[in-house]
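Novice: Take this structure first; my questions come after.
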Amino acid sequence: MDAARLDLDGKPIKAMTICMIGAGGFIGSHLCEKLMAETPHTVLAVDVYNDKIKHLLGPDDGQESNQHAWAGRIHFHRLNIKHDSRLEGLIKMSDLTINLAAICTPADYNTRPLDTIYSNFIDALPVVKYCSENGKRLIHFSTCEIYGKTIGSFLPKEHPLRQDPEFYVLKEDASPCIFGPIEKQRWSYACAKQLIERLIYAEGAENGLEFTIVRPFNWIGPRMDFIPGIDGPSEGVPRVLACFSNNLLRGEPLKLVDGGQSQRTFVYIKDAIEAVLLMIENPARANGQIFNVGNPNNEVTVRQLAEVMINVYSKVSGEPGLDAPMVDVSSKEFYGEGYDDSDKRIPDMTIINRQLGWNPKTSLSDLLEATLTYQHKTYAEAVKRATAKSVAS
Ligand code: NAD
Ligand code: UDP
């Protein structure tokens, strides 16, 4: 490892201890990998699960291997931040806290709104408080969903202003947050995330908390969510990458909710993690900032995403696709009562460019090829076995 790693201002980066809450999830697992492989920092990894980071842990955490180059720099703490007095001690021991813990799958927002609000707002409160009271820096994970619907979505379908970026590009310091009515419980997540952002911002303004807020725009890649019935509940509904992967692995048509007309921009997890590392190691440039992190060049409708995934999966698996590879389904049928959707999500990149010089690199087809190769390698055999077993019984 390069001993003299420098920050963006040419100053040497000192090794730090990071309390990472939600380290066992999708983003956390990639961030832990990056920190172990490329930096001298130590991670106190907090989560209720550790399956996605087991390959990084050593004998102290019940794993066999102590051969890792980073041995002793990552420690797993199995705790639920809802009710565990050890949390404050871990934050006090660290230079920086990163909070990734959340319920963040849309299928939960309208069906488990209380859990969603508690997880995204109430459970994050002590983390903010401990950081503020102990003078510790906080990087908090919010969401692009905080923007809600675009201004343009309220104009008639053919209105020319819908094509004007002023009406759809999402800017951290200028765009409003536009949510649907309360009975559309989809917005419980966005609203809880918005209130915790405002609280963190106010802690910064009134009490001097050093904070950075991250708004991820559909980060995707290996280890995202779960495949229902394989490493997650059979009836579970993960985010779209895992839903479509599951359909492809099982040879079923991909389900397009309400015609698949919503638009998203997808960024490769490995590109996005580069942005987070820049935030971690450049506090003078990241403190007090809210950052969009996404790839404005990778925009597709959900229908187009399905088409690309079908083609790429056929290439990586060598299996021919179905004659009717997609099927329409209503949001009520798929998600239940109270679902609503974000229409379009293009991140403005001015602030992250100016502060950190970060740009995403990977095209949608490249990131899907890498991700679907992983999905096929990891799950295809297990899905075949599970299908054969259910046919036999
Ligand atoms: P994830 O579900 O894979 O990871 C979240 C982790 O937090 C899980 O491992 C979970 O076990 C843990 N956790 C939840 N509640 C906990 C608790 N009470 N105590 C201890 N651990 C707890 O999700 P992710 O995709 O890695 O997302 C991380 C963060 O980024 C979330 O705050 C999410 O809202 C935000 N985000 C992610 C995306 C994306 O594209 N992946 C988009 C928008 C926002
Ligand atoms: N979606 C879909 N079929 C699925 C799963 C999701 O059409 O099997 C749609 C969903 O309605 C939304 C988009 O895909 O418009 C992205 O969903 P995701 O769960 O990734 O979360 P979001 O981007 O809405 O936060």
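Residues in the structure tokens are numbered from 1 in each chain, the chains being A, B, ... in the order shown, and ligands are numbered from 1 in the order shown.
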Please check which protein, DNA or RNA residues sit within 7 Å of ligand 2, counting only C-alpha atoms and all ligand atoms, and write them as a list in words.
Specialist: Thr105, Pro106, Glu145, Asn218, Pro238, Arg239, Val240, Leu241, Cys243, Phe244, Leu254, Lys255, Leu256, Val257, Gly260, Ser262, Arg264, Val302, Ser331, Asp341 and Ser342 of chain A
Novice: Would you write out those residues with N, CA and C atoms, as a PDB file, in the first residue's frame?
Specialist:
```pdb
ATOM      1  N   THR A 105     -36.337  -0.568   0.676  1.00  0.00           N
ATOM      2  CA  THR A 105     -36.909  -1.240  -0.495  1.00  0.00           C
ATOM      3  C   THR A 105     -38.352  -0.751  -0.682  1.00  0.00           C
ATOM      4  N   PRO A 106     -38.663  -0.211  -1.888  1.00  0.00           N
ATOM      5  CA  PRO A 106     -39.979   0.393  -2.104  1.00  0.00           C
ATOM      6  C   PRO A 106     -41.160  -0.497  -1.702  1.00  0.00           C
ATOM      7  N   GLU A 145     -34.618   9.966  -3.672  1.00  0.00           N
ATOM      8  CA  GLU A 145     -36.070   9.991  -3.612  1.00  0.00           C
ATOM      9  C   GLU A 145     -36.592  11.207  -2.848  1.00  0.00           C
ATOM     10  N   ASN A 218     -29.968   5.374  -7.572  1.00  0.00           N
ATOM     11  CA  ASN A 218     -29.995   4.001  -8.085  1.00  0.00           C
ATOM     12  C   ASN A 218     -28.615   3.401  -8.329  1.00  0.00           C
ATOM     13  N   PRO A 238     -37.571  -7.436  -3.672  1.00  0.00           N
ATOM     14  CA  PRO A 238     -36.395  -6.549  -3.591  1.00  0.00           C
ATOM     15  C   PRO A 238     -36.504  -5.395  -4.595  1.00  0.00           C
ATOM     16  N   ARG A 239     -35.406  -4.630  -4.763  1.00  0.00           N
ATOM     17  CA  ARG A 239     -35.412  -3.542  -5.746  1.00  0.00           C
ATOM     18  C   ARG A 239     -35.278  -4.108  -7.159  1.00  0.00           C
ATOM     19  N   VAL A 240     -35.456  -3.224  -8.152  1.00  0.00           N
ATOM     20  CA  VAL A 240     -35.693  -3.720  -9.517  1.00  0.00           C
ATOM     21  C   VAL A 240     -34.566  -4.614 -10.053  1.00  0.00           C
ATOM     22  N   LEU A 241     -33.308  -4.307  -9.736  1.00  0.00           N
ATOM     23  CA  LEU A 241     -32.220  -5.139 -10.267  1.00  0.00           C
ATOM     24  C   LEU A 241     -32.404  -6.601  -9.843  1.00  0.00           C
ATOM     25  N   CYS A 243     -35.231  -7.989  -8.661  1.00  0.00           N
ATOM     26  CA  CYS A 243     -36.493  -8.543  -9.195  1.00  0.00           C
ATOM     27  C   CYS A 243     -36.267  -9.076 -10.605  1.00  0.00           C
ATOM     28  N   PHE A 244     -35.656  -8.261 -11.455  1.00  0.00           N
ATOM     29  CA  PHE A 244     -35.434  -8.688 -12.844  1.00  0.00           C
ATOM     30  C   PHE A 244     -34.420  -9.842 -12.908  1.00  0.00           C
ATOM     31  N   LEU A 254     -40.168 -10.719 -17.210  1.00  0.00           N
ATOM     32  CA  LEU A 254     -39.915  -9.611 -16.288  1.00  0.00           C
ATOM     33  C   LEU A 254     -41.205  -8.798 -16.147  1.00  0.00           C
ATOM     34  N   LYS A 255     -41.513  -8.415 -14.908  1.00  0.00           N
ATOM     35  CA  LYS A 255     -42.774  -7.706 -14.663  1.00  0.00           C
ATOM     36  C   LYS A 255     -42.566  -6.202 -14.733  1.00  0.00           C
ATOM     37  N   LEU A 256     -43.288  -5.544 -15.647  1.00  0.00           N
ATOM     38  CA  LEU A 256     -43.174  -4.088 -15.783  1.00  0.00           C
ATOM     39  C   LEU A 256     -44.330  -3.437 -15.034  1.00  0.00           C
ATOM     40  N   VAL A 257     -43.987  -2.706 -13.978  1.00  0.00           N
ATOM     41  CA  VAL A 257     -45.017  -2.070 -13.160  1.00  0.00           C
ATOM     42  C   VAL A 257     -45.583  -0.859 -13.917  1.00  0.00           C
ATOM     43  N   GLY A 260     -43.853   0.189 -17.098  1.00  0.00           N
ATOM     44  CA  GLY A 260     -42.395   0.408 -17.109  1.00  0.00           C
ATOM     45  C   GLY A 260     -41.994   1.741 -17.719  1.00  0.00           C
ATOM     46  N   SER A 262     -41.582   4.676 -16.035  1.00  0.00           N
ATOM     47  CA  SER A 262     -40.757   5.543 -15.165  1.00  0.00           C
ATOM     48  C   SER A 262     -39.317   5.501 -15.648  1.00  0.00           C
ATOM     49  N   ARG A 264     -35.148   6.084 -14.839  1.00  0.00           N
ATOM     50  CA  ARG A 264     -34.134   6.071 -13.783  1.00  0.00           C
ATOM     51  C   ARG A 264     -32.761   6.237 -14.426  1.00  0.00           C
ATOM     52  N   VAL A 302     -37.832   1.980 -17.282  1.00  0.00           N
ATOM     53  CA  VAL A 302     -37.741   0.641 -16.686  1.00  0.00           C
ATOM     54  C   VAL A 302     -37.923  -0.420 -17.779  1.00  0.00           C
ATOM     55  N   SER A 331     -49.420  -1.461 -10.541  1.00  0.00           N
ATOM     56  CA  SER A 331     -48.679  -1.220  -9.292  1.00  0.00           C
ATOM     57  C   SER A 331     -49.474  -1.734  -8.097  1.00  0.00           C
ATOM     58  N   ASP A 341     -44.966   6.613  -7.700  1.00  0.00           N
ATOM     59  CA  ASP A 341     -43.626   6.447  -8.269  1.00  0.00           C
ATOM     60  C   ASP A 341     -42.968   7.790  -8.548  1.00  0.00           C
ATOM     61  N   SER A 342     -41.639   7.789  -8.526  1.00  0.00           N
ATOM     62  CA  SER A 342     -40.857   8.920  -9.014  1.00  0.00           C
ATOM     63  C   SER A 342     -40.828   8.773 -10.525  1.00  0.00           C
TER      64      SER A 342
END
```
Novice: Which residues are near Ile13 of chain A? Cut-off 10 Å, only C-alpha atoms, ignore same chain within fewer than 5 positions. Put them as a ChimeraX atom specification.
Specialist: /A:3-8,39-41,281-282
Novice: How about saving the chosen residues, C-alpha atoms kept, as a PDB file, in the first residue's frame?
Specialist:
```
ATOM      1  CA  ALA A   3       2.369   5.026   2.471  1.00  0.00           C
ATOM      2  CA  ALA A   4       2.024   8.616   1.297  1.00  0.00           C
ATOM      3  CA  ARG A   5      -1.555   8.738   0.124  1.00  0.00           C
ATOM      4  CA  LEU A   6      -2.553  12.353  -0.508  1.00  0.00           C
ATOM      5  CA  ASP A   7      -5.916  14.108  -0.424  1.00  0.00           C
ATOM      6  CA  LEU A   8      -7.196  16.364  -3.200  1.00  0.00           C
ATOM      7  CA  THR A  39      -6.641   2.490   2.502  1.00  0.00           C
ATOM      8  CA  PRO A  40      -5.086   2.168   5.975  1.00  0.00           C
ATOM      9  CA  HIS A  41      -8.379   2.955   7.775  1.00  0.00           C
ATOM     10  CA  GLU A 281     -10.703  11.440   2.797  1.00  0.00           C
ATOM     11  CA  ASN A 282     -11.452  15.085   1.951  1.00  0.00           C
TER      12      ASN A 282
END
```
Novice: Neighbouring residues of segment 206-211 of chain A were defined as those with any atom within 9 Å, considering only C-alpha atoms; residues of the same chain fewer than 6 positions away were excluded. Please report them as a PyMOL selection string.
Specialist: chain A and resi 128+131-133+135-140+200+283+286-290
Novice: Which residues are near ligand 1 - at most 7 Å, using only C-alpha atoms and all ligand atoms? Format: as a ChimeraX atom specification.
Specialist: /A:21-28,46-49,79-82,99-104,119,123,141-145,215-220,224-225
Novice: Just asking: which residues within segment 60-137 of chain A are helix (DSSP H, G or I) according to DSSP, as number ranges by chain?
Specialist: A: 60-61, 86-93, 106-111, 113-120, 122-133
Novice: Could you write out the selected residues, including C-alpha atoms, as a PDB file, in the first residue's frame?
Specialist:
```pdb
ATOM      1  CA  ASP A  60     -11.935 -12.408  15.971  1.00  0.00           C
ATOM      2  CA  ASP A  61     -15.260 -12.297  14.184  1.00  0.00           C
ATOM      3  CA  ARG A  86     -22.964  -0.006  22.812  1.00  0.00           C
ATOM      4  CA  LEU A  87     -23.620   2.354  19.903  1.00  0.00           C
ATOM      5  CA  GLU A  88     -22.477   5.556  21.613  1.00  0.00           C
ATOM      6  CA  GLY A  89     -19.205   3.910  22.708  1.00  0.00           C
ATOM      7  CA  LEU A  90     -18.437   2.826  19.131  1.00  0.00           C
ATOM      8  CA  ILE A  91     -19.128   6.331  17.812  1.00  0.00           C
ATOM      9  CA  LYS A  92     -16.901   7.822  20.526  1.00  0.00           C
ATOM     10  CA  MET A  93     -14.046   5.450  19.569  1.00  0.00           C
ATOM     11  CA  PRO A 106     -39.979   0.393  -2.104  1.00  0.00           C
ATOM     12  CA  ALA A 107     -42.145  -2.695  -1.467  1.00  0.00           C
ATOM     13  CA  ASP A 108     -41.892  -1.833   2.253  1.00  0.00           C
ATOM     14  CA  TYR A 109     -42.745   1.877   2.035  1.00  0.00           C
ATOM     15  CA  ASN A 110     -46.484   1.432   1.492  1.00  0.00           C
ATOM     16  CA  THR A 111     -46.906  -1.938   3.257  1.00  0.00           C
ATOM     17  CA  PRO A 113     -44.875   2.544   6.638  1.00  0.00           C
ATOM     18  CA  LEU A 114     -44.356   2.582  10.407  1.00  0.00           C
ATOM     19  CA  ASP A 115     -41.215   0.436  10.240  1.00  0.00           C
ATOM     20  CA  THR A 116     -40.044   2.587   7.320  1.00  0.00           C
ATOM     21  CA  ILE A 117     -40.502   5.872   9.199  1.00  0.00           C
ATOM     22  CA  TYR A 118     -38.979   4.506  12.425  1.00  0.00           C
ATOM     23  CA  SER A 119     -36.002   3.060  10.601  1.00  0.00           C
ATOM     24  CA  ASN A 120     -35.236   6.107   8.464  1.00  0.00           C
ATOM     25  CA  ILE A 122     -36.351   7.714  14.648  1.00  0.00           C
ATOM     26  CA  ASP A 123     -33.514   5.141  14.602  1.00  0.00           C
ATOM     27  CA  ALA A 124     -31.149   7.646  12.976  1.00  0.00           C
ATOM     28  CA  LEU A 125     -31.755  10.258  15.701  1.00  0.00           C
ATOM     29  CA  PRO A 126     -29.369   8.846  18.338  1.00  0.00           C
ATOM     30  CA  VAL A 127     -26.639   8.507  15.692  1.00  0.00           C
ATOM     31  CA  VAL A 128     -26.923  12.216  14.872  1.00  0.00           C
ATOM     32  CA  LYS A 129     -27.115  13.125  18.565  1.00  0.00           C
ATOM     33  CA  TYR A 130     -24.037  11.089  19.565  1.00  0.00           C
ATOM     34  CA  CYS A 131     -22.024  12.582  16.681  1.00  0.00           C
ATOM     35  CA  SER A 132     -23.097  16.108  17.543  1.00  0.00           C
ATOM     36  CA  GLU A 133     -22.530  15.772  21.313  1.00  0.00           C
TER      37      GLU A 133
END
```
Novice: How close does segment 189-306 of chain A get to segment 369-380 of chain A? List, as CSV, each residue of segment 189-306 of chain A within 8 Å, its nearest atom pair and the distance in Å to one decimal, counting only C-alpha atoms.
Specialist:
```
residue,atom,partner,partner_atom,distance
A:Gly221,CA,A:Thr371,CA,5.2
A:Pro222,CA,A:Thr371,CA,5.3
A:Ile230,CA,A:Tyr379,CA,7.9
A:Ser245,CA,A:Gln375,CA,7.1
A:Leu249,CA,A:Ala380,CA,6.0
```
Novice: Could you pull the residues within 8 Å of Ile151 of chain A, counting only C-alpha atoms, minus those fewer than 3 positions along the same chain, as a JSON list (two decimals) with N, CA and C atoms, in the first residue's frame?
Specialist:
```json
[["chain", "number", "residue", "atom", "x", "y", "z"],
["A", 154, "PHE", "N", -45.92, 17.52, -13.64],
["A", 154, "PHE", "CA", -47.24, 18.11, -13.43],
["A", 154, "PHE", "C", -47.75, 18.84, -14.68],
["A", 155, "LEU", "N", -46.90, 18.91, -15.72],
["A", 155, "LEU", "CA", -47.32, 19.56, -16.97],
["A", 155, "LEU", "C", -48.02, 18.52, -17.85],
["A", 167, "PHE", "N", -36.94, 21.79, -15.73],
["A", 167, "PHE", "CA", -38.15, 21.16, -15.23],
["A", 167, "PHE", "C", -37.94, 19.71, -14.77],
["A", 168, "TYR", "N", -36.70, 19.21, -14.92],
["A", 168, "TYR", "CA", -36.51, 17.83, -14.43],
["A", 168, "TYR", "C", -35.15, 17.55, -13.78],
["A", 178, "ILE", "N", -41.01, 17.16, -3.85],
["A", 178, "ILE", "CA", -42.44, 17.12, -4.19],
["A", 178, "ILE", "C", -42.99, 15.70, -3.99]]
```
Novice: Do you know which residues are at most 6 Å from Ser94 of chain A counting only C-alpha atoms, after dropping those on the same chain fewer than 3 positions away, and could you put them as an mmCIF file with N, CA and C atoms, in the first residue's frame?
Specialist:
```
data_model
loop_
_atom_site.group_PDB
_atom_site.id
_atom_site.type_symbol
_atom_site.label_atom_id
_atom_site.label_comp_id
_atom_site.auth_asym_id
_atom_site.auth_seq_id
_atom_site.Cartn_x
_atom_site.Cartn_y
_atom_site.Cartn_z
ATOM 1 N N THR A 17 -10.354 5.793 12.193
ATOM 2 C CA THR A 17 -11.275 4.722 12.575
ATOM 3 C C THR A 17 -12.680 5.168 12.188
ATOM 4 N N ILE A 18 -13.366 4.270 11.464
ATOM 5 C CA ILE A 18 -14.696 4.606 10.939
ATOM 6 C C ILE A 18 -15.736 3.676 11.550
ATOM 7 N N CYS A 19 -16.760 4.251 12.179
ATOM 8 C CA CYS A 19 -17.893 3.455 12.648
ATOM 9 C C CYS A 19 -18.896 3.413 11.498
ATOM 10 N N ILE A 91 -19.240 5.019 18.481
ATOM 11 C CA ILE A 91 -19.128 6.331 17.812
ATOM 12 C C ILE A 91 -18.015 7.154 18.469
#
```
Novice: Enter the distance from atom CA of Glu252 of chain A to atom CA of Pro325 of chain A, in Å, rounded to one decimal.
Specialist: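 For atom CA of Glu252 of chain A relative to atom CA of Pro325 of chain A, the distance reads 7.3 Å.
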Novice: If we count only C-alpha atoms, what is near Ile351 of chain A at a cut-off of 12 Å, once residues fewer than 6 positions away on the same chain are taken out, given as a list in words?
Specialist: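 With the cut-off at 12 Å, the set is Leu170, Lys171, Glu172, Asp173, Ala174, Val214, Arg285, Ala286, Gly288, Gln289, Ile290, Phe291, Asn292, Val293, Gly357, Trp358 and Asn359 of chain A.
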Novice: Looking at only C-alpha atoms, which of A:Leu368, A:Lys270, A:Asp164, A:Glu38 is the one that sits closest to Val316 of chain A?
Specialist: A:Leu368
Novice: Write out as a PyMOL selection string each polymer residue whose atoms come within 7 Å of Ile273 of chain A, counting only C-alpha atoms; drop sequence neighbours fewer than 4 positions from it.
Specialist: chain A and resi 31+269+277
Novice: Give me, as an NGL selection string, the residues of segment 125-199 of chain A that a backbone DSSP run labels strand (DSSP E or B).
Specialist: :A and (137-141 or 148 or 169-170 or 178)
Novice: One decimal, Å: what's the distance from atom CA of Gly72 of chain A over to atom CA of Thr212 of chain A, could you say?
Specialist: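 It comes out at 27.4 Å.
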